[in-house]
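Raw my_file_24.txt, compact mmCIF, C-alpha atoms:
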# COMPACT_ATOMS: atom_id res chain seq x y z
CA MET T 1 -23.05 -11.61 -8.49
CA ILE T 2 -20.93 -13.56 -6.03
CA LEU T 3 -20.80 -12.06 -2.57
CA PRO T 4 -17.55 -11.86 -0.59
CA ASN T 5 -17.05 -15.06 1.41
CA GLY T 6 -20.02 -16.54 -0.42
CA GLY T 7 -22.38 -14.67 1.87
CA VAL T 8 -21.22 -16.56 4.97
CA GLY T 9 -19.08 -15.61 7.98
CA VAL T 10 -18.69 -11.86 7.77
CA GLY T 11 -21.42 -11.89 5.14
CA SER T 12 -24.08 -13.39 7.42
CA ASP T 13 -23.37 -13.22 11.19
CA HIS T 14 -21.81 -9.80 10.90
CA VAL T 15 -24.62 -8.51 8.69
CA GLU T 16 -27.18 -9.69 11.23
CA ARG T 17 -25.34 -7.78 13.96
CA LEU T 18 -25.19 -4.64 11.80
CA VAL T 19 -28.91 -4.74 11.06
CA ARG T 20 -30.00 -5.71 14.58
CA SER T 21 -27.77 -3.07 16.25
CA TYR T 22 -29.00 -0.37 13.87
CA ARG T 23 -32.65 -1.25 14.59
CA ARG T 24 -32.13 -1.40 18.36
CA LEU T 25 -30.31 1.94 18.56
CA THR T 26 -32.19 4.03 16.01
CA GLY T 27 -35.64 2.42 15.98
CA ASN T 28 -35.42 2.24 12.17
CA GLU T 29 -34.78 -0.48 9.64
CA LEU T 30 -31.45 -0.41 7.81
CA LEU T 31 -33.01 -2.29 4.88
CA PRO T 32 -36.59 -1.19 4.39
CA GLY T 33 -38.73 -3.20 2.02
CA PRO T 34 -39.72 -6.83 1.55
CA GLU T 35 -37.59 -9.44 3.31
CA ASN T 36 -38.34 -12.17 0.78
CA SER T 37 -36.04 -10.80 -1.92
CA GLY T 38 -32.91 -12.76 -1.02
CA SER T 39 -30.79 -13.39 2.05
CA LEU T 40 -30.07 -10.54 4.43
CA ALA T 41 -26.37 -10.67 3.47
CA GLU T 42 -27.19 -10.43 -0.22
CA ARG T 43 -29.73 -7.65 0.27
CA LEU T 44 -27.28 -5.55 2.30
CA PHE T 45 -24.37 -6.17 -0.05
CA LEU T 46 -26.44 -5.09 -3.07
CA SER T 47 -28.22 -2.21 -1.34
CA PRO T 48 -27.77 1.29 -2.80
CA ILE T 49 -27.25 2.52 0.78
CA VAL T 50 -23.51 2.82 1.48
CA VAL T 51 -22.74 0.59 4.50
CA LEU T 52 -19.35 -0.07 6.06
CA SER T 53 -17.98 -1.15 9.42
CA HIS T 54 -14.80 -1.67 11.39
CA GLY T 55 -13.75 -3.89 14.28
CA THR T 56 -12.38 -3.23 17.74
CA GLU T 57 -8.63 -3.28 17.08
CA THR T 58 -6.47 -0.53 18.58
CA ASP T 59 -6.28 0.89 15.04
CA PRO T 60 -9.67 -0.42 13.78
CA VAL T 61 -9.64 -2.20 10.43
CA LEU T 62 -12.58 -2.16 8.05
CA ASN T 63 -14.34 -5.52 8.20
CA TYR T 64 -17.34 -4.91 5.95
CA GLY T 65 -18.24 -2.79 2.98
CA ASN T 66 -21.17 -3.40 0.72
CA GLN T 67 -20.98 -2.99 -3.05
CA ALA T 68 -21.85 0.72 -2.82
CA ALA T 69 -19.03 1.31 -0.30
CA LEU T 70 -16.49 -0.67 -2.32
CA HIS T 71 -17.38 1.36 -5.40
CA LEU T 72 -17.24 4.72 -3.60
CA TRP T 73 -13.87 4.00 -1.97
CA GLU T 74 -12.58 2.39 -5.20
CA MET T 75 -11.44 -0.85 -3.57
CA ASP T 76 -12.06 -4.53 -3.97
CA TRP T 77 -13.22 -6.63 -0.99
CA GLU T 78 -9.74 -7.88 -0.07
CA THR T 79 -8.19 -4.40 -0.07
CA PHE T 80 -11.12 -2.80 1.74
CA THR T 81 -11.15 -5.37 4.55
CA ARG T 82 -7.42 -4.90 5.21
CA THR T 83 -7.62 -1.10 5.40
CA PRO T 84 -7.47 0.72 8.76
CA SER T 85 -10.71 2.69 8.90
CA ARG T 86 -8.89 5.95 9.65
CA TYR T 87 -7.67 5.87 6.04
CA THR T 88 -11.21 6.50 4.83
CA ALA T 89 -10.59 10.13 5.80
CA GLU T 90 -7.79 12.49 4.84
CA GLU T 91 -5.27 13.21 7.57
CA MET T 92 -6.67 16.70 8.19
CA GLU T 93 -10.17 15.21 8.69
CA ARG T 94 -9.13 12.45 11.11
CA THR T 95 -9.44 14.50 14.31
CA GLN T 96 -13.08 15.27 13.53
CA ARG T 97 -13.64 11.60 12.68
CA GLU T 98 -12.10 10.46 15.98
CA GLN T 99 -14.32 12.86 17.94
CA LEU T 100 -17.38 11.43 16.18
CA LEU T 101 -16.37 7.82 16.91
CA LYS T 102 -15.83 8.61 20.62
CA LYS T 103 -19.26 10.27 20.79
CA VAL T 104 -20.84 7.22 19.15
CA GLN T 105 -19.05 4.85 21.51
CA GLU T 106 -20.48 6.77 24.48
CA GLN T 107 -23.99 7.42 23.15
CA GLY T 108 -24.63 4.38 20.95
CA TYR T 109 -25.16 6.22 17.68
CA ALA T 110 -25.12 9.59 15.94
CA ASP T 111 -27.10 10.63 12.94
CA ASP T 112 -26.94 13.52 10.52
CA TYR T 113 -23.12 13.36 10.38
CA THR T 114 -21.37 15.11 7.50
CA GLY T 115 -17.71 14.97 6.59
CA ILE T 116 -15.15 14.68 3.81
CA ARG T 117 -13.74 11.27 2.94
CA ILE T 118 -11.22 10.08 0.36
CA SER T 119 -11.13 7.10 -1.98
CA ARG T 120 -8.15 4.88 -2.70
CA SER T 121 -7.27 6.96 -5.78
CA GLY T 122 -7.43 10.22 -3.80
CA ARG T 123 -10.86 11.30 -4.97
CA ARG T 124 -12.51 13.39 -2.25
CA PHE T 125 -16.21 13.21 -1.47
CA TYR T 126 -18.49 14.86 1.05
CA ILE T 127 -20.86 12.51 2.86
CA LYS T 128 -24.14 13.91 4.13
CA LYS T 129 -26.63 12.74 6.75
CA ALA T 130 -24.66 9.65 7.72
CA THR T 131 -25.66 7.50 10.67
CA VAL T 132 -22.84 5.95 12.69
CA TRP T 133 -23.64 3.31 15.32
CA ASN T 134 -22.09 0.78 17.68
CA ILE T 135 -22.34 -2.87 16.74
CA THR T 136 -23.03 -5.37 19.50
CA ASP T 137 -23.32 -9.14 19.51
CA GLU T 138 -26.27 -11.16 20.80
CA ASP T 139 -25.02 -10.75 24.39
CA GLY T 140 -24.65 -6.97 24.08
CA ARG T 141 -20.85 -7.01 23.79
CA TYR T 142 -19.33 -4.23 21.71
CA THR T 143 -17.91 -5.58 18.43
CA GLY T 144 -17.22 -2.41 16.41
CA GLN T 145 -18.87 0.51 14.68
CA ALA T 146 -20.71 0.94 11.40
CA ALA T 147 -21.87 3.79 9.19
CA CYS T 148 -24.44 4.20 6.48
CA PHE T 149 -25.48 6.99 4.17
CA THR T 150 -27.11 7.59 0.82
CA GLU T 151 -26.10 11.15 0.10
CA PHE T 152 -22.65 12.24 -1.01
CA GLU T 153 -21.09 14.54 -3.57
CA TYR T 154 -17.62 14.60 -5.05
CA CYS T 155 -15.48 17.61 -4.07
Let me see whether you can do it: turn the structure in this file into structure tokens.
Amino acid sequence: MILPNGGVGVGSDHVERLVRSYRRLTGNELLPGPENSGSLAERLFLSPIVVLSHGTETDPVLNYGNQAALHLWEMDWETFTRTPSRYTAEEMERTQREQLLKKVQEQGYADDYTGIRISRSGRRFYIKKATVWNITDEDGRYTGQAACFTEFEYC
């Protein structure tokens, strides 16, 4: 399997920020298990845990989705990484989503989030026990937000 961007750029620096920020804020590992089974970018991209993130734009755009996220939202890498993150939720769910993102920005992370999301084709799904966290760079500067979850069901 070929990773987006060959596993470099977004696939490596950004992945390191995702993993490091998650560990620092939650005290847990995003990717439990042996570290010798491939690069961090490859392990995260192929993980069964759904992981996605967006940047800091006024209308934040998705900038990462692993294979599980791309499959769930029914998008390829190019489409996914050009999509404003608000479009991951139906219009009626966006107020709740915005409240969550503001809470995360203030507190660093939130866990046990549940909510309804929608794929590119309009298929609705209910995510359960998601963790949403702030991403920071090596100097502690805010660079976006990410989410991960393993549990969901189609509505």
Excluding Glu153 of chain T and its own-chain neighbours fewer than 4 positions away, which residues fall within 12 Å of it when counting all atoms listed in the file? Please give them as a list in words. Leu72, Thr114, Gly115, Ile116, Arg117, Ile118, Arg123, Arg124, Phe125, Tyr126, Ile127, Lys128, Lys129 and Phe149 of chain T
Please report as a Markdown table every residue of segment 39-71 of chain T lying within 9 Å of segment 12-17 of chain T, along with the nearest atom pair and their distance in Å (one decimal), using all atoms listed in the file.
| residue | atom | partner | partner_atom | distance |
| --- | --- | --- | --- | --- |
| T:Ser39 | CA | T:Ser12 | CA | 8.6 |
| T:Leu40 | CA | T:Val15 | CA | 7.2 |
| T:Ala41 | CA | T:Ser12 | CA | 5.3 |
| T:Glu42 | CA | T:Ser12 | CA | 8.8 |
| T:Leu44 | CA | T:Val15 | CA | 7.5 |
| T:Tyr64 | CA | T:His14 | CA | 8.3 |
Shell around segment 51-54 of chain T at 10 Å using only C-alpha atoms, local window under 2 positions removed, as a PyMOL selection string: chain T and resi 14-15+18+30+44-45+47-49+56-57+59-70+80-81+83-86+130-135+143-150
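What separates atom CA of Val50 of chain T from atom CA of Glu106 of chain T is a distance of 23.5 Å.
When all atoms listed in the file are used to measure the gap to Tyr154 of chain T, the shortest distance among T:Trp73, T:Tyr142, T:Tyr113, T:Tyr22 belongs to T:Trp73.
Distances from T:Thr88, T:Val19, T:Cys155, T:Glu98 to Glu138 of chain T were compared using all atoms listed in the file, and the smallest one belongs to T:Val19.
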Atom CA of Tyr87 of chain T and atom CA of Asp137 of chain T are how many Å apart?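 Atom CA of Tyr87 of chain T sits 25.5 Å away from atom CA of Asp137 of chain T.
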To one decimal place in Å, what is the distance between atom CA of Arg20 of chain T and atom CA of Asp139 of chain T?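 Those two atoms sit 12.1 Å apart.
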Saved segment 25-40 of chain T from the preceding structure, all heavy atoms, as a short mmCIF file (atom, residue, chain, number, x, y, z; two decimals), in the first residue's frame:
data_model
loop_
_atom_site.label_atom_id
_atom_site.label_comp_id
_atom_site.auth_asym_id
_atom_site.auth_seq_id
_atom_site.Cartn_x
_atom_site.Cartn_y
_atom_site.Cartn_z
N LEU T 25 -1.47 15.07 26.27
CA LEU T 25 -2.75 15.52 26.83
C LEU T 25 -3.52 14.42 27.55
O LEU T 25 -4.15 14.68 28.57
CB LEU T 25 -3.62 16.12 25.72
CG LEU T 25 -3.14 17.47 25.20
CD1 LEU T 25 -3.83 17.80 23.89
CD2 LEU T 25 -3.39 18.56 26.23
N THR T 26 -3.50 13.22 27.03
CA THR T 26 -4.32 12.15 27.61
C THR T 26 -3.55 11.20 28.51
O THR T 26 -4.16 10.48 29.29
CB THR T 26 -4.98 11.30 26.50
OG1 THR T 26 -3.97 10.54 25.83
CG2 THR T 26 -5.77 12.16 25.53
N GLY T 27 -2.23 11.16 28.36
CA GLY T 27 -1.43 10.20 29.12
C GLY T 27 -1.47 8.80 28.53
O GLY T 27 -0.93 7.86 29.11
N ASN T 28 -2.08 8.66 27.36
CA ASN T 28 -2.21 7.36 26.70
C ASN T 28 -1.48 7.36 25.37
O ASN T 28 -1.17 8.41 24.83
CB ASN T 28 -3.69 7.02 26.47
CG ASN T 28 -4.46 6.89 27.76
OD1 ASN T 28 -4.02 6.23 28.69
ND2 ASN T 28 -5.60 7.55 27.83
N GLU T 29 -1.28 6.16 24.84
CA GLU T 29 -0.66 6.02 23.53
C GLU T 29 -1.76 5.92 22.47
O GLU T 29 -2.71 5.16 22.63
CB GLU T 29 0.21 4.77 23.46
CG GLU T 29 1.45 4.85 24.33
CD GLU T 29 2.42 5.93 23.88
OE1 GLU T 29 2.50 6.23 22.67
OE2 GLU T 29 3.10 6.49 24.76
N LEU T 30 -1.62 6.67 21.39
CA LEU T 30 -2.57 6.60 20.29
C LEU T 30 -2.42 5.27 19.55
O LEU T 30 -3.41 4.69 19.12
CB LEU T 30 -2.34 7.77 19.33
CG LEU T 30 -3.26 7.89 18.14
CD1 LEU T 30 -4.73 7.99 18.57
CD2 LEU T 30 -2.89 9.11 17.30
N LEU T 31 -1.18 4.79 19.44
CA LEU T 31 -0.90 3.54 18.75
C LEU T 31 -0.23 2.55 19.71
O LEU T 31 1.00 2.45 19.75
CB LEU T 31 0.03 3.77 17.56
CG LEU T 31 -0.58 4.51 16.40
CD1 LEU T 31 0.50 4.86 15.38
CD2 LEU T 31 -1.67 3.70 15.75
N PRO T 32 -1.02 1.84 20.48
CA PRO T 32 -0.41 0.86 21.38
C PRO T 32 0.19 -0.29 20.57
O PRO T 32 -0.19 -0.53 19.43
CB PRO T 32 -1.59 0.38 22.23
CG PRO T 32 -2.81 0.71 21.47
CD PRO T 32 -2.47 1.87 20.58
N GLY T 33 1.14 -0.96 21.17
CA GLY T 33 1.74 -2.10 20.49
C GLY T 33 3.19 -1.85 20.12
O GLY T 33 3.73 -0.78 20.40
N PRO T 34 3.81 -2.81 19.47
CA PRO T 34 5.24 -2.70 19.15
C PRO T 34 5.53 -1.59 18.14
O PRO T 34 4.78 -1.39 17.20
CB PRO T 34 5.59 -4.07 18.55
CG PRO T 34 4.29 -4.61 18.07
CD PRO T 34 3.23 -4.05 18.98
N GLU T 35 6.60 -0.87 18.38
CA GLU T 35 6.99 0.24 17.51
C GLU T 35 7.85 -0.21 16.34
O GLU T 35 8.18 0.59 15.48
CB GLU T 35 7.72 1.31 18.32
CG GLU T 35 6.83 1.97 19.34
CD GLU T 35 7.54 3.07 20.09
OE1 GLU T 35 8.60 3.54 19.63
OE2 GLU T 35 7.04 3.46 21.15
N ASN T 36 8.23 -1.47 16.30
CA ASN T 36 9.14 -1.93 15.26
C ASN T 36 8.42 -2.52 14.05
O ASN T 36 9.02 -3.18 13.24
CB ASN T 36 10.12 -2.96 15.83
CG ASN T 36 9.39 -4.16 16.43
OD1 ASN T 36 8.18 -4.19 16.48
ND2 ASN T 36 10.15 -5.13 16.89
N SER T 37 7.14 -2.23 13.93
CA SER T 37 6.36 -2.80 12.82
C SER T 37 6.08 -1.78 11.72
O SER T 37 4.98 -1.68 11.22
CB SER T 37 5.05 -3.39 13.35
OG SER T 37 4.29 -2.39 14.01
N GLY T 38 7.07 -0.98 11.37
CA GLY T 38 6.91 0.01 10.32
C GLY T 38 7.07 1.41 10.86
O GLY T 38 7.16 1.63 12.07
N SER T 39 7.08 2.38 9.96
CA SER T 39 7.22 3.78 10.38
C SER T 39 5.96 4.22 11.11
O SER T 39 4.88 3.63 10.95
CB SER T 39 7.45 4.67 9.15
OG SER T 39 6.25 4.77 8.40
N LEU T 40 6.09 5.26 11.89
CA LEU T 40 4.95 5.81 12.62
C LEU T 40 3.85 6.23 11.64
O LEU T 40 2.67 5.94 11.87
CB LEU T 40 5.40 6.99 13.48
CG LEU T 40 4.37 7.60 14.40
CD1 LEU T 40 3.85 6.56 15.41
CD2 LEU T 40 4.98 8.78 15.14
#
